[in-house]
$ cat run.csv   # CSV, C-alpha atoms
chain,number,residue,atom,x,y,z
A,1,MET,CA,87.4,-147.5,159.0
A,2,GLN,CA,85.5,-145.2,161.3
A,3,VAL,CA,81.7,-145.3,161.0
A,4,VAL,CA,80.2,-141.9,161.1
A,5,PRO,CA,76.9,-141.9,163.0
A,6,ALA,CA,73.9,-140.7,161.1
A,7,PRO,CA,72.9,-137.1,162.0
A,8,VAL,CA,70.0,-136.9,164.4
A,9,PRO,CA,67.2,-134.9,162.9
A,10,PRO,CA,66.1,-131.8,164.9
A,11,PRO,CA,63.0,-132.2,167.1
A,12,ILE,CA,59.6,-131.2,165.8
A,13,ARG,CA,59.0,-127.8,167.4
A,14,VAL,CA,55.4,-127.3,168.6
A,15,LEU,CA,53.4,-124.3,169.8
A,16,VAL,CA,50.4,-125.0,172.0
A,17,ALA,CA,47.6,-122.4,171.8
A,18,ASP,CA,44.8,-123.0,174.3
A,19,ALA,CA,42.9,-120.7,176.6
A,20,ASN,CA,43.0,-123.2,179.5
A,21,PRO,CA,46.4,-123.1,181.4
A,22,VAL,CA,45.9,-126.6,182.7
A,23,VAL,CA,45.5,-127.9,179.1
A,24,ARG,CA,48.5,-126.0,178.0
A,25,ALA,CA,50.7,-127.4,180.8
A,26,GLY,CA,49.4,-130.9,180.3
A,27,LEU,CA,50.1,-130.9,176.6
A,28,ALA,CA,53.5,-129.4,177.1
A,29,ALA,CA,54.5,-132.0,179.7
A,30,LEU,CA,53.2,-134.8,177.5
A,31,LEU,CA,54.9,-133.7,174.3
A,32,ASN,CA,58.2,-132.6,175.9
A,33,ALA,CA,58.6,-136.2,177.2
A,34,VAL,CA,58.8,-137.4,173.6
A,35,PRO,CA,62.4,-137.4,172.3
A,36,ASP,CA,61.6,-136.0,168.8
A,37,ILE,CA,59.2,-133.3,169.9
A,38,GLU,CA,59.9,-130.1,171.7
A,39,VAL,CA,57.3,-127.5,172.9
A,40,ALA,CA,58.8,-124.2,171.8
A,41,ALA,CA,56.1,-121.9,173.2
A,42,ALA,CA,52.5,-121.6,174.4
A,43,ALA,CA,49.8,-119.0,173.9
A,44,ALA,CA,46.4,-118.3,175.5
A,45,ASP,CA,44.6,-116.8,172.5
A,46,GLY,CA,44.9,-116.4,168.7
A,47,ARG,CA,46.7,-113.1,168.8
A,48,ALA,CA,49.4,-114.4,171.1
A,49,ALA,CA,49.6,-117.6,169.0
A,50,LEU,CA,50.4,-115.6,165.9
A,51,HIS,CA,53.0,-113.5,167.7
A,52,MET,CA,54.7,-116.5,169.3
A,53,THR,CA,54.6,-118.4,166.0
A,54,ARG,CA,56.5,-115.5,164.3
A,55,LEU,CA,58.9,-115.4,167.2
A,56,HIS,CA,59.6,-119.1,167.7
A,57,THR,CA,59.0,-120.5,164.2
A,58,PRO,CA,57.4,-123.8,165.3
A,59,ASP,CA,56.8,-126.7,162.9
A,60,VAL,CA,53.3,-127.4,164.2
A,61,VAL,CA,50.8,-125.3,166.0
A,62,LEU,CA,48.2,-127.0,168.2
A,63,LEU,CA,45.3,-124.7,168.0
A,64,ASP,CA,42.1,-124.5,170.1
A,65,VAL,CA,38.9,-123.1,168.4
A,66,ARG,CA,37.4,-121.1,171.2
A,67,MET,CA,39.7,-118.6,172.8
A,68,PRO,CA,39.1,-115.1,174.2
A,69,GLY,CA,39.8,-112.1,172.0
A,70,VAL,CA,41.1,-113.6,168.7
A,71,ASP,CA,39.7,-117.1,168.5
A,72,GLY,CA,41.3,-120.1,166.7
A,73,ILE,CA,39.3,-119.8,163.5
A,74,SER,CA,40.2,-116.1,163.1
A,75,ALA,CA,43.9,-116.8,163.7
A,76,LEU,CA,44.0,-119.9,161.5
A,77,PRO,CA,44.4,-118.3,158.0
A,78,HIS,CA,47.4,-116.3,159.3
A,79,LEU,CA,49.0,-119.2,161.1
A,80,VAL,CA,48.8,-121.7,158.2
A,81,GLN,CA,51.1,-119.3,156.3
A,82,LEU,CA,53.8,-119.8,159.0
A,83,ALA,CA,53.4,-123.4,160.2
A,84,ARG,CA,51.4,-126.6,160.0
A,85,VAL,CA,48.3,-126.3,162.1
A,86,LEU,CA,46.6,-129.2,164.0
A,87,MET,CA,43.2,-128.2,165.6
A,88,LEU,CA,43.0,-129.6,169.1
A,89,THR,CA,39.7,-128.6,170.7
A,90,TYR,CA,36.5,-129.6,172.5
A,91,SER,CA,34.4,-128.3,169.5
A,92,GLN,CA,32.7,-131.1,167.7
A,93,GLU,CA,30.4,-129.2,165.3
A,94,SER,CA,30.7,-130.4,161.7
A,95,GLU,CA,30.5,-126.8,160.5
A,96,ILE,CA,33.6,-125.9,162.5
A,97,VAL,CA,35.5,-128.9,161.3
A,98,ARG,CA,34.6,-128.1,157.7
A,99,GLU,CA,35.6,-124.4,158.1
A,100,THR,CA,38.9,-125.1,159.7
A,101,LEU,CA,39.9,-127.6,157.0
A,102,LEU,CA,38.8,-125.1,154.3
A,103,LEU,CA,41.0,-122.5,156.0
A,104,GLY,CA,44.0,-124.8,155.8
A,105,ALA,CA,44.2,-126.9,159.0
A,106,GLY,CA,46.1,-130.1,158.6
A,107,GLY,CA,44.1,-132.1,161.1
A,108,TYR,CA,41.4,-132.0,163.7
A,109,LEU,CA,41.5,-133.8,167.1
A,110,VAL,CA,38.6,-133.6,169.7
A,111,HIS,CA,39.6,-133.8,173.4
A,112,GLY,CA,38.6,-137.1,174.9
A,113,GLU,CA,38.9,-139.0,171.6
A,114,PHE,CA,42.6,-139.7,171.4
A,115,THR,CA,45.4,-141.2,173.5
A,116,PRO,CA,48.8,-139.6,174.2
A,117,ASP,CA,50.3,-141.9,171.5
A,118,GLN,CA,47.7,-140.8,169.0
A,119,LEU,CA,48.4,-137.2,169.7
A,120,VAL,CA,52.1,-137.7,169.1
A,121,ALA,CA,51.3,-139.6,165.9
A,122,ALA,CA,49.0,-136.7,164.8
A,123,VAL,CA,51.8,-134.1,165.4
A,124,ARG,CA,54.2,-136.2,163.3
A,125,ASP,CA,51.7,-136.7,160.6
A,126,VAL,CA,50.7,-133.1,160.3
A,127,ARG,CA,54.3,-132.1,160.3
A,128,VAL,CA,54.9,-133.9,157.0
A,129,GLY,CA,51.5,-133.0,155.5
A,130,ARG,CA,49.4,-136.1,156.3
A,131,ALA,CA,45.9,-135.3,157.6
A,132,HIS,CA,44.9,-136.7,161.0
A,133,PHE,CA,41.4,-136.8,162.5
A,134,SER,CA,39.8,-138.1,165.7
A,135,PRO,CA,36.6,-140.1,165.2
A,136,THR,CA,34.1,-137.2,165.5
A,137,ALA,CA,36.1,-135.0,163.1
A,138,ALA,CA,36.5,-137.9,160.6
A,139,SER,CA,32.7,-138.5,160.7
A,140,ALA,CA,32.1,-134.8,160.0
A,141,VAL,CA,34.5,-134.9,157.0
A,142,LEU,CA,32.9,-138.0,155.6
A,143,ALA,CA,29.4,-136.5,156.0
A,144,GLU,CA,30.6,-133.3,154.2
A,145,LEU,CA,32.1,-135.4,151.3
A,146,ARG,CA,28.8,-137.3,151.0
A,147,ALA,CA,26.7,-134.2,151.0
A,148,SER,CA,29.0,-132.6,148.4
A,149,SER,CA,28.9,-135.7,146.2
A,150,HIS,CA,25.1,-135.8,146.5
A,151,ALA,CA,24.8,-132.1,145.5
A,152,GLN,CA,27.1,-132.6,142.5
A,153,ARG,CA,25.0,-135.6,141.4
A,154,SER,CA,21.8,-133.6,141.8
A,155,VAL,CA,23.2,-130.8,139.7
A,156,ALA,CA,24.3,-133.2,137.0
A,157,GLN,CA,21.0,-135.0,137.0
A,158,SER,CA,19.1,-131.7,136.9
A,159,SER,CA,21.2,-130.5,133.9
A,160,GLU,CA,20.6,-133.8,132.1
A,161,HIS,CA,16.9,-133.7,132.9
A,162,HIS,CA,16.7,-130.2,131.4
A,163,ARG,CA,18.6,-131.3,128.3
A,164,LEU,CA,16.2,-134.2,127.7
A,165,ASN,CA,13.2,-132.0,128.3
A,166,ARG,CA,14.4,-129.5,125.7
A,167,ILE,CA,14.8,-132.4,123.2
A,168,GLU,CA,11.4,-133.9,124.1
A,169,PHE,CA,9.2,-130.9,124.4
A,170,GLY,CA,11.0,-128.3,122.2
A,171,LEU,CA,10.8,-125.4,124.7
A,172,SER,CA,12.8,-122.3,124.0
A,173,SER,CA,15.2,-121.1,126.7
A,174,ARG,CA,12.7,-118.5,127.9
A,175,GLU,CA,9.9,-121.1,128.0
A,176,GLU,CA,12.2,-123.4,129.9
A,177,GLU,CA,12.9,-120.6,132.4
A,178,VAL,CA,9.2,-119.9,132.9
A,179,MET,CA,8.4,-123.6,133.3
A,180,ASP,CA,11.0,-123.9,136.0
A,181,LEU,CA,9.4,-121.0,137.8
A,182,ILE,CA,6.0,-122.6,137.4
A,183,ALA,CA,7.4,-125.8,138.9
A,184,SER,CA,8.8,-123.9,141.8
A,185,GLY,CA,5.3,-122.7,142.7
A,186,MET,CA,5.4,-119.1,141.5
A,187,SER,CA,2.2,-117.3,140.3
A,188,ASN,CA,2.0,-115.5,137.0
A,189,GLN,CA,2.6,-112.2,138.8
A,190,GLN,CA,5.7,-113.5,140.5
A,191,ILE,CA,7.1,-115.0,137.3
A,192,ALA,CA,6.5,-111.6,135.5
A,193,ALA,CA,8.5,-109.8,138.3
A,194,THR,CA,11.3,-112.4,138.2
A,195,CYS,CA,11.7,-112.3,134.5
A,196,PHE,CA,11.0,-108.6,134.1
A,197,ILE,CA,8.2,-109.2,131.6
A,198,SER,CA,4.5,-108.4,131.7
A,199,GLU,CA,1.8,-110.8,133.0
A,200,LYS,CA,0.3,-110.9,129.5
A,201,THR,CA,3.7,-112.1,128.1
A,202,VAL,CA,3.8,-114.7,130.9
A,203,LYS,CA,0.4,-116.0,129.9
A,204,ASN,CA,1.5,-116.2,126.3
A,205,HIS,CA,4.5,-118.2,127.3
A,206,ILE,CA,2.4,-120.5,129.5
A,207,ASN,CA,-0.1,-121.1,126.6
A,208,ARG,CA,2.7,-122.2,124.3
A,209,ILE,CA,4.3,-124.3,127.1
A,210,PHE,CA,1.0,-126.1,127.8
A,211,ALA,CA,0.6,-126.9,124.1
A,212,LYS,CA,4.1,-128.3,123.8
A,213,LEU,CA,3.8,-130.3,127.0
A,214,ARG,CA,0.3,-131.4,126.0
A,215,SER,CA,-1.1,-130.3,129.3
A,216,ALA,CA,-4.2,-128.4,130.3
A,217,THR,CA,-3.3,-127.4,133.9
A,218,ARG,CA,-0.3,-126.3,135.9
A,219,SER,CA,-0.2,-129.5,137.8
A,220,GLU,CA,-0.2,-131.6,134.6
A,221,ALA,CA,2.6,-129.4,133.1
A,222,ILE,CA,4.7,-129.7,136.3
A,223,ALA,CA,4.3,-133.5,136.4
A,224,ARG,CA,5.4,-133.8,132.8
A,225,TRP,CA,8.3,-131.3,133.2
A,226,LEU,CA,9.6,-133.1,136.4
A,227,GLY,CA,9.1,-136.5,134.9
A,228,THR,CA,6.4,-137.6,137.4
A,229,ALA,CA,3.5,-137.9,135.0
A,230,ARG,CA,2.2,-141.4,134.2
A,231,PRO,CA,3.3,-142.6,130.8
A,232,GLY,CA,0.5,-142.2,128.2
A,233,VAL,CA,-1.4,-139.7,130.2
A,234,THR,CA,-2.2,-136.5,128.2
A,235,GLY,CA,-3.9,-133.3,129.0
A,236,HIS,CA,-7.7,-132.9,128.8
A,237,GLY,CA,-9.8,-130.5,126.8

$ encode --input "run.csv" --output "structure tokens"
Amino acid sequence: MQVVPAPVPPPIRVLVADANPVVRAGLAALLNAVPDIEVAAAAADGRAALHMTRLHTPDVVLLDVRMPGVDGISALPHLVQLARVLMLTYSQESEIVRETLLLGAGGYLVHGEFTPDQLVAAVRDVRVGRAHFSPTAASAVLAELRASSHAQRSVAQSSEHHRLNRIEFGLSSREEEVMDLIASGMSNQQIAATCFISEKTVKNHINRIFAKLRSATRSEAIARWLGTARPGVTGHG
């Protein structure tokens, strides 16, 4: 019985987009030496990268951020509709890492932070939809996740704090709005302008708020509203 050899999968086709011709040549030489990878084309800017991607239909685009004319970030939203994109750049700013990921990049490598083998692994990973990051980019992603988580917790805590305040002090929604503006440091005139009401109406709201919060001054009311007043301390007068 004759054994039929398993079909060899086609190589991963890569397009290299980088403004530096030395970088383009070096990446092409490195990747073409790998049996399952083939550099299909190269481009010096974002416009050429988009044109060459449409022409050569690569599986993965290695994309630099800073290029003349159309830069990598400008080209990225269009490229991700045609191929997987792996950012390969000297740019280490966390804002740039975040923006490229939001625009659809499948990974982010910073020059000087990866070996040839790690680059090959990244190309293979991104080809099948697995994200790949070098250390600086990974740190930026982690910092962004932590900041987002902290912001979400802060919003949730603020919402819960307002709910408990409504229960404890019995403020109306308008009084709650005015109290928040007081706590932000606004004057009566600024509150009136923000809420589109007269200063006299603001003063009436504040009088009712102070009564409900058992406070005689703005600072006491703010302390009670924000939960920083000492237990058992009430307003004077």

$ residues_around --input "run.csv" --residues "A:Arg13" --least-positions-apart "5" --cutoff "12 Å" --atoms "all atoms listed in the file" --output "ChimeraX atom specification"
/A:28,31-32,34-42,53,56-62,83-84,123-124,127

$ atom_distance --input "run.csv" --atom1 "atom CA of A:Met87" --atom2 "atom CA of A:Arg66"
10.7 Å

$ residues_near_point --input "run.csv" --point "(6.7, -135.2, 124.9)" --cutoff "7 Å" --atoms "only C-alpha atoms" --output "list in words"
Glu168, Phe169 and Leu213 of chain A

$ write_last_selection --input "run.csv" --atoms "C-alpha atoms" --output "PDB file, keeping the file's coordinate frame"
ATOM      1  CA  GLU A 168      11.400-133.900 124.100  1.00  0.00           C
ATOM      2  CA  PHE A 169       9.200-130.900 124.400  1.00  0.00           C
ATOM      3  CA  LEU A 213       3.800-130.300 127.000  1.00  0.00           C
TER       4      LEU A 213
END

$ residues_around --input "run.csv" --residues "A:Ala137" --least-positions-apart "6" --cutoff "10 Å" --atoms "all atoms listed in the file" --output "ChimeraX atom specification"
/A:91-94,96-98,107-110,113,143

$ residues_around --input "run.csv" --residues "stretch 45-49 of chain A" --least-positions-apart "2" --cutoff "10 Å" --atoms "all atoms listed in the file" --output "mmCIF file with C-alpha atoms, in the frame of the given file"
data_model
loop_
_atom_site.group_PDB
_atom_site.id
_atom_site.type_symbol
_atom_site.label_atom_id
_atom_site.label_comp_id
_atom_site.auth_asym_id
_atom_site.auth_seq_id
_atom_site.Cartn_x
_atom_site.Cartn_y
_atom_site.Cartn_z
ATOM 1 C CA LEU A 15 53.400 -124.300 169.800
ATOM 2 C CA VAL A 16 50.400 -125.000 172.000
ATOM 3 C CA ALA A 17 47.600 -122.400 171.800
ATOM 4 C CA ASP A 18 44.800 -123.000 174.300
ATOM 5 C CA ALA A 19 42.900 -120.700 176.600
ATOM 6 C CA ASN A 20 43.000 -123.200 179.500
ATOM 7 C CA ALA A 41 56.100 -121.900 173.200
ATOM 8 C CA ALA A 42 52.500 -121.600 174.400
ATOM 9 C CA ALA A 43 49.800 -119.000 173.900
ATOM 10 C CA HIS A 51 53.000 -113.500 167.700
ATOM 11 C CA MET A 52 54.700 -116.500 169.300
ATOM 12 C CA THR A 53 54.600 -118.400 166.000
ATOM 13 C CA ARG A 54 56.500 -115.500 164.300
ATOM 14 C CA LEU A 55 58.900 -115.400 167.200
ATOM 15 C CA VAL A 61 50.800 -125.300 166.000
ATOM 16 C CA LEU A 62 48.200 -127.000 168.200
ATOM 17 C CA LEU A 63 45.300 -124.700 168.000
ATOM 18 C CA ASP A 64 42.100 -124.500 170.100
ATOM 19 C CA VAL A 65 38.900 -123.100 168.400
ATOM 20 C CA ARG A 66 37.400 -121.100 171.200
ATOM 21 C CA MET A 67 39.700 -118.600 172.800
ATOM 22 C CA PRO A 68 39.100 -115.100 174.200
ATOM 23 C CA GLY A 69 39.800 -112.100 172.000
ATOM 24 C CA VAL A 70 41.100 -113.600 168.700
ATOM 25 C CA ASP A 71 39.700 -117.100 168.500
ATOM 26 C CA GLY A 72 41.300 -120.100 166.700
ATOM 27 C CA ILE A 73 39.300 -119.800 163.500
ATOM 28 C CA SER A 74 40.200 -116.100 163.100
ATOM 29 C CA ALA A 75 43.900 -116.800 163.700
ATOM 30 C CA LEU A 76 44.000 -119.900 161.500
ATOM 31 C CA HIS A 78 47.400 -116.300 159.300
ATOM 32 C CA LEU A 79 49.000 -119.200 161.100
#

$ atom_distance --input "run.csv" --atom1 "atom CA of A:Ala105" --atom2 "atom CA of A:Leu82"
11.9 Å
